[in-house]
file entry.csv (CSV, C-alpha atoms (C1' of nucleotides))
chain,number,residue,atom,x,y,z
A,854,MET,CA,0.0,0.0,0.0
A,855,THR,CA,1.4,3.4,-1.0
A,856,CYS,CA,0.7,6.9,-0.1
A,857,GLY,CA,-2.8,8.0,-1.0
A,858,ASP,CA,-4.3,4.5,-1.0
A,859,HIS,CA,-6.9,3.5,1.4
A,860,PHE,CA,-8.5,0.2,2.3
A,861,GLU,CA,-11.7,0.3,0.3
A,862,THR,CA,-11.4,3.0,-2.3
A,863,GLY,CA,-14.7,4.9,-2.9
A,864,LEU,CA,-16.9,2.7,-0.8
A,865,ALA,CA,-15.4,4.1,2.4
A,866,VAL,CA,-16.6,7.6,1.9
A,867,LYS,CA,-19.8,6.9,0.0
A,868,ASP,CA,-21.7,5.3,2.9
A,869,LEU,CA,-19.8,7.2,5.6
A,870,ASP,CA,-22.9,8.0,7.6
A,871,VAL,CA,-24.2,4.5,8.0
A,872,VAL,CA,-20.8,2.8,8.2
A,873,LEU,CA,-19.5,5.2,10.8
A,874,ALA,CA,-22.6,5.2,12.9
A,875,SER,CA,-22.9,1.5,12.8
A,876,ALA,CA,-19.2,0.9,13.6
A,877,ILE,CA,-19.3,3.3,16.5
A,878,SER,CA,-22.5,1.7,17.9
A,879,ARG,CA,-21.0,-1.8,17.7
A,880,LEU,CA,-17.7,-0.8,19.3
A,881,GLN,CA,-19.6,1.0,22.1
A,882,ARG,CA,-21.5,-2.1,22.8
A,883,ARG,CA,-18.4,-4.2,22.7
A,884,LEU,CA,-16.7,-1.8,25.2
A,885,ARG,CA,-19.6,-2.0,27.5
A,886,SER,CA,-19.5,-5.8,27.6
A,887,GLU,CA,-15.7,-5.8,28.1
A,888,LYS,CA,-15.8,-3.5,31.0
A,889,ALA,CA,-18.3,-5.7,32.8
A,890,VAL,CA,-15.4,-7.1,34.8
A,891,ASP,CA,-15.0,-3.7,36.6
A,892,GLN,CA,-17.0,-2.4,39.4
A,893,ILE,CA,-17.9,0.7,37.5
A,894,GLY,CA,-19.6,1.4,34.2
A,895,GLU,CA,-18.1,2.8,31.0
A,896,THR,CA,-19.4,6.3,31.7
A,897,GLN,CA,-18.1,6.4,35.2
A,898,ARG,CA,-14.8,5.1,34.1
A,899,LEU,CA,-14.4,7.8,31.5
A,900,VAL,CA,-15.3,10.6,34.0
A,901,LEU,CA,-13.0,9.2,36.7
A,902,ALA,CA,-10.2,8.8,34.1
A,903,ARG,CA,-10.6,12.4,33.2
A,904,LEU,CA,-10.4,13.6,36.8
A,905,VAL,CA,-7.3,11.5,37.3
A,906,ARG,CA,-5.7,12.6,34.1
A,907,GLU,CA,-6.6,16.3,34.1
A,908,GLY,CA,-7.1,17.0,37.8
A,909,PRO,CA,-10.1,18.5,39.6
A,910,HIS,CA,-13.1,19.9,37.7
A,911,THR,CA,-16.4,21.5,38.6
A,912,LEU,CA,-19.6,19.6,37.7
A,913,GLY,CA,-20.4,22.0,34.9
A,914,GLU,CA,-16.9,21.7,33.4
A,915,LEU,CA,-17.3,17.9,33.4
A,916,SER,CA,-20.7,17.9,31.8
A,917,ASP,CA,-19.5,20.2,29.1
A,918,ARG,CA,-16.5,18.1,28.4
A,919,GLU,CA,-18.5,14.9,28.2
A,920,ARG,CA,-21.3,16.4,26.2
A,921,VAL,CA,-23.9,15.5,28.9
A,922,LYS,CA,-26.4,17.6,30.8
A,923,PRO,CA,-25.5,18.6,34.3
A,924,PRO,CA,-28.1,16.3,36.0
A,925,SER,CA,-26.7,13.3,34.2
A,926,MET,CA,-23.2,14.1,35.2
A,927,ASN,CA,-24.4,14.7,38.8
A,928,GLN,CA,-25.8,11.2,38.8
A,929,THR,CA,-22.5,9.7,37.5
A,930,ILE,CA,-20.6,11.7,40.2
A,931,ASN,CA,-23.0,10.6,42.9
A,932,SER,CA,-22.2,7.0,42.2
A,933,LEU,CA,-18.5,7.6,42.1
A,934,VAL,CA,-18.7,9.5,45.4
A,935,GLU,CA,-20.7,6.7,47.0
A,936,LEU,CA,-18.1,4.2,45.9
A,937,GLY,CA,-15.4,6.4,47.4
A,938,TYR,CA,-13.6,7.2,44.1
A,939,VAL,CA,-14.4,10.9,44.0
A,940,GLU,CA,-14.7,13.6,46.6
A,941,ARG,CA,-16.8,16.8,46.6
A,942,GLN,CA,-15.1,19.9,47.8
A,943,ASP,CA,-16.4,23.4,48.2
A,944,ASP,CA,-15.0,26.1,45.9
A,945,PRO,CA,-13.4,28.7,48.2
A,946,THR,CA,-14.1,31.6,45.8
A,947,ASP,CA,-17.7,30.6,44.7
A,948,GLY,CA,-20.1,29.0,47.0
A,949,ARG,CA,-22.3,27.7,44.2
A,950,LYS,CA,-19.6,25.6,42.7
A,951,VAL,CA,-18.5,22.1,43.8
A,952,ILE,CA,-15.0,20.9,43.0
A,953,LEU,CA,-14.7,17.2,42.2
A,954,VAL,CA,-11.5,15.4,43.0
A,955,ALA,CA,-10.5,11.8,42.5
A,956,THR,CA,-9.5,10.1,45.7
A,957,SER,CA,-6.4,7.9,46.0
A,958,THR,CA,-8.6,4.9,45.7
A,959,GLY,CA,-10.1,6.3,42.6
A,960,ARG,CA,-6.7,7.0,41.2
A,961,LEU,CA,-5.7,3.4,41.9
A,962,LEU,CA,-8.8,1.9,40.3
A,963,ILE,CA,-8.3,3.9,37.1
A,964,GLU,CA,-4.7,2.7,36.9
A,965,GLU,CA,-5.7,-0.9,37.2
A,966,SER,CA,-8.9,-0.5,35.1
A,967,ARG,CA,-6.9,1.2,32.4
A,968,ARG,CA,-4.2,-1.4,32.4
A,969,ARG,CA,-6.9,-4.1,31.9
A,970,PHE,CA,-8.6,-2.1,29.2
A,971,TYR,CA,-5.3,-1.7,27.4
A,972,GLU,CA,-4.9,-5.5,27.5
A,973,TRP,CA,-8.2,-6.0,25.7
A,974,LEU,CA,-7.5,-3.1,23.3
A,975,GLN,CA,-4.0,-4.4,22.5
A,976,ALA,CA,-5.4,-7.8,21.7
A,977,ALA,CA,-8.0,-6.2,19.5
A,978,LEU,CA,-5.3,-4.0,17.9
A,979,SER,CA,-3.0,-7.0,17.3
A,980,THR,CA,-4.8,-7.6,14.1
A,981,LEU,CA,-3.8,-4.1,13.0
A,982,ASN,CA,-0.5,-2.8,11.9
A,983,GLU,CA,1.3,0.3,13.1
A,984,ASP,CA,0.0,2.4,10.2
A,985,GLU,CA,-3.6,1.4,11.0
A,986,ARG,CA,-3.1,2.3,14.7
A,987,VAL,CA,-1.8,5.7,13.7
A,988,LEU,CA,-4.8,6.1,11.4
A,989,LEU,CA,-7.1,5.2,14.2
A,990,GLY,CA,-5.5,7.7,16.5
A,991,ASP,CA,-5.9,10.4,13.9
A,992,ALA,CA,-9.5,9.4,13.3
A,993,ALA,CA,-10.3,9.6,17.0
A,994,ILE,CA,-9.2,13.2,17.0
A,995,LEU,CA,-11.4,13.9,14.0
A,996,ILE,CA,-14.4,12.1,15.6
A,997,GLY,CA,-14.0,14.1,18.7
A,998,ARG,CA,-13.9,17.3,16.6
A,999,ILE,CA,-17.1,16.3,14.8
A,1000,ALA,CA,-18.8,15.4,18.1
A,1001,ASP,CA,-18.0,18.8,19.6
A,1002,SER,CA,-18.7,20.8,16.4
B,1376,MET,CA,1.2,17.4,5.1
B,1377,THR,CA,3.1,14.7,3.4
B,1378,CYS,CA,2.8,10.9,3.3
B,1379,GLY,CA,3.4,9.3,6.7
B,1380,ASP,CA,2.5,12.4,8.6
B,1381,HIS,CA,-0.4,12.5,11.0
B,1382,PHE,CA,-2.2,15.2,12.8
B,1383,GLU,CA,-0.7,14.8,16.3
B,1384,THR,CA,2.4,12.8,16.0
B,1385,GLY,CA,3.0,10.4,18.9
B,1386,LEU,CA,0.2,11.7,21.0
B,1387,ALA,CA,-2.5,10.1,18.8
B,1388,VAL,CA,-1.3,6.5,19.4
B,1389,LYS,CA,-0.1,6.9,22.9
B,1390,ASP,CA,-3.5,7.5,24.6
B,1391,LEU,CA,-5.4,5.6,22.0
B,1392,ASP,CA,-7.7,3.8,24.5
B,1393,VAL,CA,-9.0,6.9,26.3
B,1394,VAL,CA,-9.0,9.1,23.3
B,1395,LEU,CA,-10.9,6.7,21.1
B,1396,ALA,CA,-13.4,5.6,23.8
B,1397,SER,CA,-14.0,9.2,24.8
B,1398,ALA,CA,-14.4,10.4,21.2
B,1399,ILE,CA,-16.8,7.6,20.4
B,1400,SER,CA,-18.9,8.2,23.4
B,1401,ARG,CA,-19.2,11.8,22.6
B,1402,LEU,CA,-20.1,11.3,19.0
B,1403,GLN,CA,-22.7,8.7,20.0
B,1404,ARG,CA,-24.3,11.2,22.4
B,1405,ARG,CA,-24.2,13.8,19.6
B,1406,LEU,CA,-25.9,11.4,17.2
B,1407,ARG,CA,-28.5,10.6,19.8
B,1408,SER,CA,-29.4,14.3,20.3
B,1409,GLU,CA,-29.4,15.0,16.5
B,1410,LYS,CA,-31.8,12.2,15.6
B,1411,ALA,CA,-34.3,13.5,18.2
B,1412,VAL,CA,-36.2,15.1,15.3
B,1413,ASP,CA,-37.2,11.7,14.0
B,1414,GLN,CA,-40.0,9.5,15.4
B,1415,ILE,CA,-37.5,6.7,16.0
B,1416,GLY,CA,-34.4,6.3,18.0
B,1417,GLU,CA,-30.8,5.8,16.8
B,1418,THR,CA,-30.9,2.0,17.4
B,1419,GLN,CA,-34.2,1.6,15.6
B,1420,ARG,CA,-32.9,3.7,12.7
B,1421,LEU,CA,-29.8,1.6,12.3
B,1422,VAL,CA,-31.8,-1.6,12.3
B,1423,LEU,CA,-34.4,-0.3,9.9
B,1424,ALA,CA,-31.7,1.1,7.6
B,1425,ARG,CA,-30.1,-2.3,7.5
B,1426,LEU,CA,-33.4,-4.0,6.5
B,1427,VAL,CA,-33.9,-1.5,3.8
B,1428,ARG,CA,-30.3,-1.7,2.6
B,1429,GLU,CA,-29.7,-5.4,2.8
B,1430,GLY,CA,-33.2,-6.8,2.6
B,1431,PRO,CA,-35.1,-9.2,4.9
B,1432,HIS,CA,-33.3,-10.8,7.9
B,1433,THR,CA,-34.2,-13.2,10.7
B,1434,LEU,CA,-34.1,-11.9,14.2
B,1435,GLY,CA,-31.0,-13.9,15.0
B,1436,GLU,CA,-29.2,-12.5,12.0
B,1437,LEU,CA,-30.0,-9.0,13.0
B,1438,SER,CA,-28.9,-9.4,16.6
B,1439,ASP,CA,-25.6,-11.0,15.5
B,1440,ARG,CA,-25.0,-8.2,13.0
B,1441,GLU,CA,-25.7,-5.4,15.5
B,1442,ARG,CA,-23.8,-7.2,18.4
B,1443,VAL,CA,-26.9,-7.3,20.6
B,1444,LYS,CA,-28.7,-10.2,22.3
B,1445,PRO,CA,-31.8,-11.5,20.7
B,1446,PRO,CA,-34.2,-10.2,23.3
B,1447,SER,CA,-32.8,-6.7,22.8
B,1448,MET,CA,-33.3,-6.9,19.1
B,1449,ASN,CA,-36.8,-8.3,19.6
B,1450,GLN,CA,-37.7,-5.2,21.6
B,1451,THR,CA,-36.3,-2.9,18.9
B,1452,ILE,CA,-38.3,-4.9,16.3
B,1453,ASN,CA,-41.4,-4.8,18.4
B,1454,SER,CA,-41.4,-1.0,18.4
B,1455,LEU,CA,-40.7,-0.9,14.6
B,1456,VAL,CA,-43.6,-3.3,14.0
B,1457,GLU,CA,-45.9,-1.3,16.2
B,1458,LEU,CA,-45.0,1.8,14.2
B,1459,GLY,CA,-45.7,0.0,11.0
B,1460,TYR,CA,-42.2,0.2,9.6
B,1461,VAL,CA,-41.4,-3.5,9.8
B,1462,GLU,CA,-43.4,-6.6,9.2
B,1463,ARG,CA,-43.0,-10.1,10.7
B,1464,GLN,CA,-43.4,-13.0,8.2
B,1465,ASP,CA,-43.2,-16.7,8.8
B,1466,ASP,CA,-40.3,-18.5,7.3
B,1467,PRO,CA,-41.8,-21.1,4.9
B,1468,THR,CA,-39.0,-23.6,5.4
B,1469,ASP,CA,-38.5,-23.3,9.2
B,1470,GLY,CA,-41.4,-22.6,11.5
B,1471,ARG,CA,-39.1,-21.4,14.3
B,1472,LYS,CA,-37.8,-18.5,12.3
B,1473,VAL,CA,-39.4,-15.1,11.7
B,1474,ILE,CA,-38.5,-13.1,8.7
B,1475,LEU,CA,-38.3,-9.3,9.2
B,1476,VAL,CA,-39.1,-7.1,6.3
B,1477,ALA,CA,-39.2,-3.3,6.0
B,1478,THR,CA,-42.6,-2.0,4.9
B,1479,SER,CA,-42.9,0.7,2.2
B,1480,THR,CA,-43.6,3.2,5.0
B,1481,GLY,CA,-40.4,2.1,6.7
B,1482,ARG,CA,-38.4,2.4,3.4
B,1483,LEU,CA,-39.8,5.9,3.0
B,1484,LEU,CA,-38.9,6.9,6.5
B,1485,ILE,CA,-35.3,5.7,6.1
B,1486,GLU,CA,-34.9,7.6,2.9
B,1487,GLU,CA,-36.0,10.8,4.5
B,1488,SER,CA,-34.3,10.1,7.8
B,1489,ARG,CA,-31.0,9.3,6.0
B,1490,ARG,CA,-31.2,12.4,3.9
B,1491,ARG,CA,-31.6,14.5,7.0
B,1492,PHE,CA,-28.8,12.7,8.8
B,1493,TYR,CA,-26.6,13.3,5.8
B,1494,GLU,CA,-27.3,17.0,6.1
B,1495,TRP,CA,-26.1,17.1,9.6
B,1496,LEU,CA,-23.1,14.9,8.8
B,1497,GLN,CA,-22.1,17.0,5.8
B,1498,ALA,CA,-22.3,20.1,7.9
B,1499,ALA,CA,-20.1,18.5,10.5
B,1500,LEU,CA,-17.7,17.2,7.8
B,1501,SER,CA,-17.5,20.6,6.1
B,1502,THR,CA,-14.8,21.4,8.6
B,1503,LEU,CA,-12.8,18.5,7.2
B,1504,ASN,CA,-11.0,18.1,3.9
B,1505,GLU,CA,-11.3,15.2,1.5
B,1506,ASP,CA,-8.3,13.4,2.8
B,1507,GLU,CA,-9.8,13.5,6.3
B,1508,ARG,CA,-13.1,12.1,5.1
B,1509,VAL,CA,-11.2,9.3,3.4
B,1510,LEU,CA,-9.3,8.7,6.6
B,1511,LEU,CA,-12.5,8.6,8.6
B,1512,GLY,CA,-14.0,6.1,6.2
B,1513,ASP,CA,-11.0,3.8,6.6
B,1514,ALA,CA,-11.2,4.2,10.3
B,1515,ALA,CA,-14.8,3.2,10.4
B,1516,ILE,CA,-13.9,0.0,8.8
B,1517,LEU,CA,-11.1,-0.6,11.3
B,1518,ILE,CA,-13.4,0.2,14.2
B,1519,GLY,CA,-16.0,-2.2,12.9
B,1520,ARG,CA,-13.4,-4.9,12.6
B,1521,ILE,CA,-12.2,-4.3,16.2
B,1522,ALA,CA,-15.8,-4.3,17.5
B,1523,ASP,CA,-16.5,-7.7,15.8
B,1524,SER,CA,-13.1,-9.3,16.7
C,69,DT,C1',-42.0,-42.9,15.0
C,70,DG,C1',-41.5,-40.6,18.9
C,71,DA,C1',-38.6,-39.2,22.8
C,72,DG,C1',-34.6,-36.1,23.8
C,73,DA,C1',-31.7,-32.5,22.4
C,74,DG,C1',-31.1,-28.3,20.2
C,75,DT,C1',-32.5,-23.9,18.0
C,76,DA,C1',-35.3,-19.4,17.4
C,77,DC,C1',-38.0,-16.3,19.1
C,78,DT,C1',-40.5,-14.2,22.9
C,79,DT,C1',-41.8,-12.6,27.7
C,80,DA,C1',-40.7,-10.8,32.2
C,81,DG,C1',-38.1,-8.2,35.0
C,82,DG,C1',-34.1,-5.4,36.0
C,83,DT,C1',-30.3,-1.9,35.3
C,84,DA,C1',-27.5,2.0,33.4
C,85,DA,C1',-27.2,6.2,31.3
C,86,DC,C1',-29.3,9.6,29.5
C,87,DC,C1',-33.2,13.4,29.4
C,88,DT,C1',-36.5,17.7,31.0
C,89,DA,C1',-38.5,20.4,34.5
C,90,DA,C1',-38.3,22.4,38.8
C,91,DT,C1',-35.8,23.6,43.1
C,92,DT,C1',-32.2,25.5,46.2
C,93,DA,C1',-28.5,28.3,47.1
C,94,DG,C1',-25.0,31.6,46.1
C,95,DG,C1',-23.4,35.6,43.3
C,96,DT,C1',-24.1,40.2,40.8
C,97,DA,C1',-25.7,44.6,39.6
C,98,DA,C1',-29.3,48.5,39.2
D,308,DT,C1',-32.3,45.2,48.5
D,309,DT,C1',-34.7,43.6,44.9
D,310,DA,C1',-34.3,41.2,40.7
D,311,DC,C1',-32.0,38.5,37.9
D,312,DC,C1',-28.3,35.1,36.8
D,313,DT,C1',-25.6,30.9,37.4
D,314,DA,C1',-24.4,26.2,39.5
D,315,DA,C1',-25.7,22.2,41.5
D,316,DT,C1',-29.2,19.2,42.7
D,317,DT,C1',-33.7,16.5,43.0
D,318,DA,C1',-37.6,14.2,40.9
D,319,DG,C1',-39.5,11.6,37.5
D,320,DG,C1',-39.4,9.6,33.0
D,321,DT,C1',-37.4,7.2,28.6
D,322,DT,C1',-34.5,4.3,25.9
D,323,DA,C1',-31.6,0.5,25.1
D,324,DC,C1',-29.4,-2.8,26.8
D,325,DC,C1',-29.1,-7.2,29.9
D,326,DT,C1',-30.2,-12.3,32.1
D,327,DA,C1',-33.3,-15.9,33.1
D,328,DA,C1',-37.0,-18.5,31.8
D,329,DG,C1',-40.7,-20.1,28.7
D,330,DT,C1',-42.8,-21.5,24.2
D,331,DA,C1',-42.7,-23.5,19.7
D,332,DC,C1',-40.5,-25.7,16.3
D,333,DT,C1',-36.8,-28.9,14.1
D,334,DC,C1',-33.6,-32.6,14.0
D,335,DT,C1',-31.6,-37.1,15.3
D,336,DC,C1',-31.5,-41.7,16.0
D,337,DA,C1',-32.7,-46.0,18.3
call {"tool": "encode", "arguments": {"input": "entry.csv", "output": "structure tokens"}}
result
Amino acid sequence: MTCGDHFETGLAVKDLDVVLASAISRLQRRLRSEKAVDQIGETQRLVLARLVREGPHTLGELSDRERVKPPSMNQTINSLVELGYVERQDDPTDGRKVILVATSTGRLLIEESRRRFYEWLQAALSTLNEDERVLLGDAAILIGRIADS
Amino acid sequence: MTCGDHFETGLAVKDLDVVLASAISRLQRRLRSEKAVDQIGETQRLVLARLVREGPHTLGELSDRERVKPPSMNQTINSLVELGYVERQDDPTDGRKVILVATSTGRLLIEESRRRFYEWLQAALSTLNEDERVLLGDAAILIGRIADS
DNA sequence: TGAGAGTACTTAGGTAACCTAATTAGGTAA
DNA sequence: TTACCTAATTAGGTTACCTAAGTACTCTCA
């Protein structure tokens, strides 16, 4: 395969809407079934991972980032707080705000959960070559941009 | 940008698990909110679209294709039947099977729904160039392959 | 030919993750 | 200090999945 080629010339772009939506739905379902080993769901894992990776956020910031309404995020946060993975802290400068921080337990869970997820993903990716992995990384960025557009 | 380059060298592949999962979740949510104009949900639309595109299927075939358990697919089909978009027919050769066929109303809905979806997607894709669209098409195929692996 | 095993669909009941509408509490500015 | 704005939360509902169990049909083979 040389520069400019792609895997299924023409076809790939023609049915982009259906092919992309279908592929994404299927991967989402697969991810959901794979994570079942964990104590937390996919949504909770993504939020907790963000708190660990990027540090404390307010509820509003989190719901914006994840493209979810505040009440939905609040529910996710409630379960993470109940499980002891996240802590609510008062914002010293604005009493309306609540600062959400991952606890050390939460940090630990994400490290382990992420390692396990990587195992599955690496197995799945083992059928792909390096070029394809790079392509997928680029595509993830594009998909994120579309989602947020 | 020349052959071999990609948009965020190194970074793209390094955090592939989180970046990909997050991007997919966000696009899924966006799709869900965009389709809200339709009478049917994203899941139903995907199934009905498949019936229109690929012709009649049994329930088992559909649930396999969509990576869902048979009872879940049955529920989706029930709602499509109630709305008059899909018809159940007996399999003449195997009394256990049920053949699912899109009605003409269903076919019509998909055509309209798809045109509308394309409008949104084209708008979203207008921020991308042709190379990026091709990349996204290729990635969709890879994602589908991973989901089904 | 008629049990026993297997397959395909369906029903029942439950859960996770979203939503909108309304409420509470804290901030801001005329 | 009243009136409005913003942030988080509560209440209640929907959708789309799941597992377990049941029904109806087909196939196999003694």
call {"tool": "interface_residues", "arguments": {"input": "entry.csv", "of": "chain A", "to": "chain B", "cutoff": "6 Å", "atoms": "all atoms listed in the file", "output": "list of chain:residue names"}}
result
A:Cys856, A:Ala865, A:Val866, A:Leu869, A:Leu873, A:Ala876, A:Arg879, A:Leu880, A:Arg883, A:Ala977, A:Val987, A:Leu989, A:Gly990, A:Asp991, A:Ala992, A:Ala993, A:Ile996, A:Gly997, A:Ile999, A:Ala1000
call {"tool": "write_last_selection", "arguments": {"input": "entry.csv", "atoms": "C-alpha atoms", "output": "compact mmCIF listing (two decimals), in the frame of the given file"}}
result
# COMPACT_ATOMS: atom_id res chain seq x y z
CA CYS A 856 0.70 6.90 -0.10
CA ALA A 865 -15.40 4.10 2.40
CA VAL A 866 -16.60 7.60 1.90
CA LEU A 869 -19.80 7.20 5.60
CA LEU A 873 -19.50 5.20 10.80
CA ALA A 876 -19.20 0.90 13.60
CA ARG A 879 -21.00 -1.80 17.70
CA LEU A 880 -17.70 -0.80 19.30
CA ARG A 883 -18.40 -4.20 22.70
CA ALA A 977 -8.00 -6.20 19.50
CA VAL A 987 -1.80 5.70 13.70
CA LEU A 989 -7.10 5.20 14.20
CA GLY A 990 -5.50 7.70 16.50
CA ASP A 991 -5.90 10.40 13.90
CA ALA A 992 -9.50 9.40 13.30
CA ALA A 993 -10.30 9.60 17.00
CA ILE A 996 -14.40 12.10 15.60
CA GLY A 997 -14.00 14.10 18.70
CA ILE A 999 -17.10 16.30 14.80
CA ALA A 1000 -18.80 15.40 18.10
call {"tool": "closest_atom_pairs", "arguments": {"input": "entry.csv", "of": "chain B", "to": "chain D", "cutoff": "7 Å", "atoms": "all atoms listed in the file", "output": "tab-separated table"}}
result
residue	atom	partner	partner_atom	distance
B:Ser1447	CA	D:DC324	C1'	6.5
B:Gly1470	CA	D:DC332	C1'	5.8
B:Arg1471	CA	D:DC332	C1'	4.9
call {"tool": "closest_atom_pairs", "arguments": {"input": "entry.csv", "of": "chain B", "to": "chain C", "cutoff": "10 Å", "atoms": "all atoms listed in the file", "output": "Markdown table"}}
result
| residue | atom | partner | partner_atom | distance |
| --- | --- | --- | --- | --- |
| B:Arg1404 | CA | C:DC86 | C1' | 8.8 |
| B:Arg1407 | CA | C:DC86 | C1' | 9.8 |
| B:Ser1408 | CA | C:DC87 | C1' | 9.9 |
| B:Thr1433 | CA | C:DA76 | C1' | 9.2 |
| B:Leu1434 | CA | C:DC77 | C1' | 7.7 |
| B:Gly1435 | CA | C:DA76 | C1' | 7.4 |
| B:Pro1445 | CA | C:DC77 | C1' | 8.0 |
| B:Pro1446 | CA | C:DT78 | C1' | 7.5 |
| B:Asn1449 | CA | C:DT78 | C1' | 7.7 |
| B:Gln1450 | CA | C:DT78 | C1' | 9.5 |
| B:Asp1469 | CA | C:DA76 | C1' | 9.6 |
| B:Gly1470 | CA | C:DA76 | C1' | 9.1 |
| B:Arg1471 | CA | C:DA76 | C1' | 5.3 |
| B:Lys1472 | CA | C:DA76 | C1' | 5.8 |
| B:Val1473 | CA | C:DC77 | C1' | 7.6 |
call {"tool": "write_last_selection", "arguments": {"input": "entry.csv", "atoms": "C-alpha atoms", "output": "mmCIF file, keeping the file's coordinate frame"}}
result
data_model
loop_
_atom_site.group_PDB
_atom_site.id
_atom_site.type_symbol
_atom_site.label_atom_id
_atom_site.label_comp_id
_atom_site.auth_asym_id
_atom_site.auth_seq_id
_atom_site.Cartn_x
_atom_site.Cartn_y
_atom_site.Cartn_z
ATOM 1 C CA ARG B 1404 -24.300 11.200 22.400
ATOM 2 C CA ARG B 1407 -28.500 10.600 19.800
ATOM 3 C CA SER B 1408 -29.400 14.300 20.300
ATOM 4 C CA THR B 1433 -34.200 -13.200 10.700
ATOM 5 C CA LEU B 1434 -34.100 -11.900 14.200
ATOM 6 C CA GLY B 1435 -31.000 -13.900 15.000
ATOM 7 C CA PRO B 1445 -31.800 -11.500 20.700
ATOM 8 C CA PRO B 1446 -34.200 -10.200 23.300
ATOM 9 C CA ASN B 1449 -36.800 -8.300 19.600
ATOM 10 C CA GLN B 1450 -37.700 -5.200 21.600
ATOM 11 C CA ASP B 1469 -38.500 -23.300 9.200
ATOM 12 C CA GLY B 1470 -41.400 -22.600 11.500
ATOM 13 C CA ARG B 1471 -39.100 -21.400 14.300
ATOM 14 C CA LYS B 1472 -37.800 -18.500 12.300
ATOM 15 C CA VAL B 1473 -39.400 -15.100 11.700
#
call {"tool": "atom_distance", "arguments": {"input": "entry.csv", "atom1": "atom CA of Asp1466 of chain B", "atom2": "atom CA of Leu1483 of chain B"}}
result
24.8 Å
call {"tool": "atom_distance", "arguments": {"input": "entry.csv", "atom1": "atom CA of His910 of chain A", "atom2": "atom CA of Arg969 of chain A"}}
result
25.5 Å
call {"tool": "atom_distance", "arguments": {"input": "entry.csv", "atom1": "atom CA of Glu1494 of chain B", "atom2": "atom CA of Glu1409 of chain B"}}
result
10.8 Å
call {"tool": "closest_residue", "arguments": {"input": "entry.csv", "among": "B:Arg1490, B:Lys1444, B:Leu1426, B:Leu1458", "to": "Val1476 of chain B", "atoms": "only C-alpha atoms"}}
result
B:Leu1426
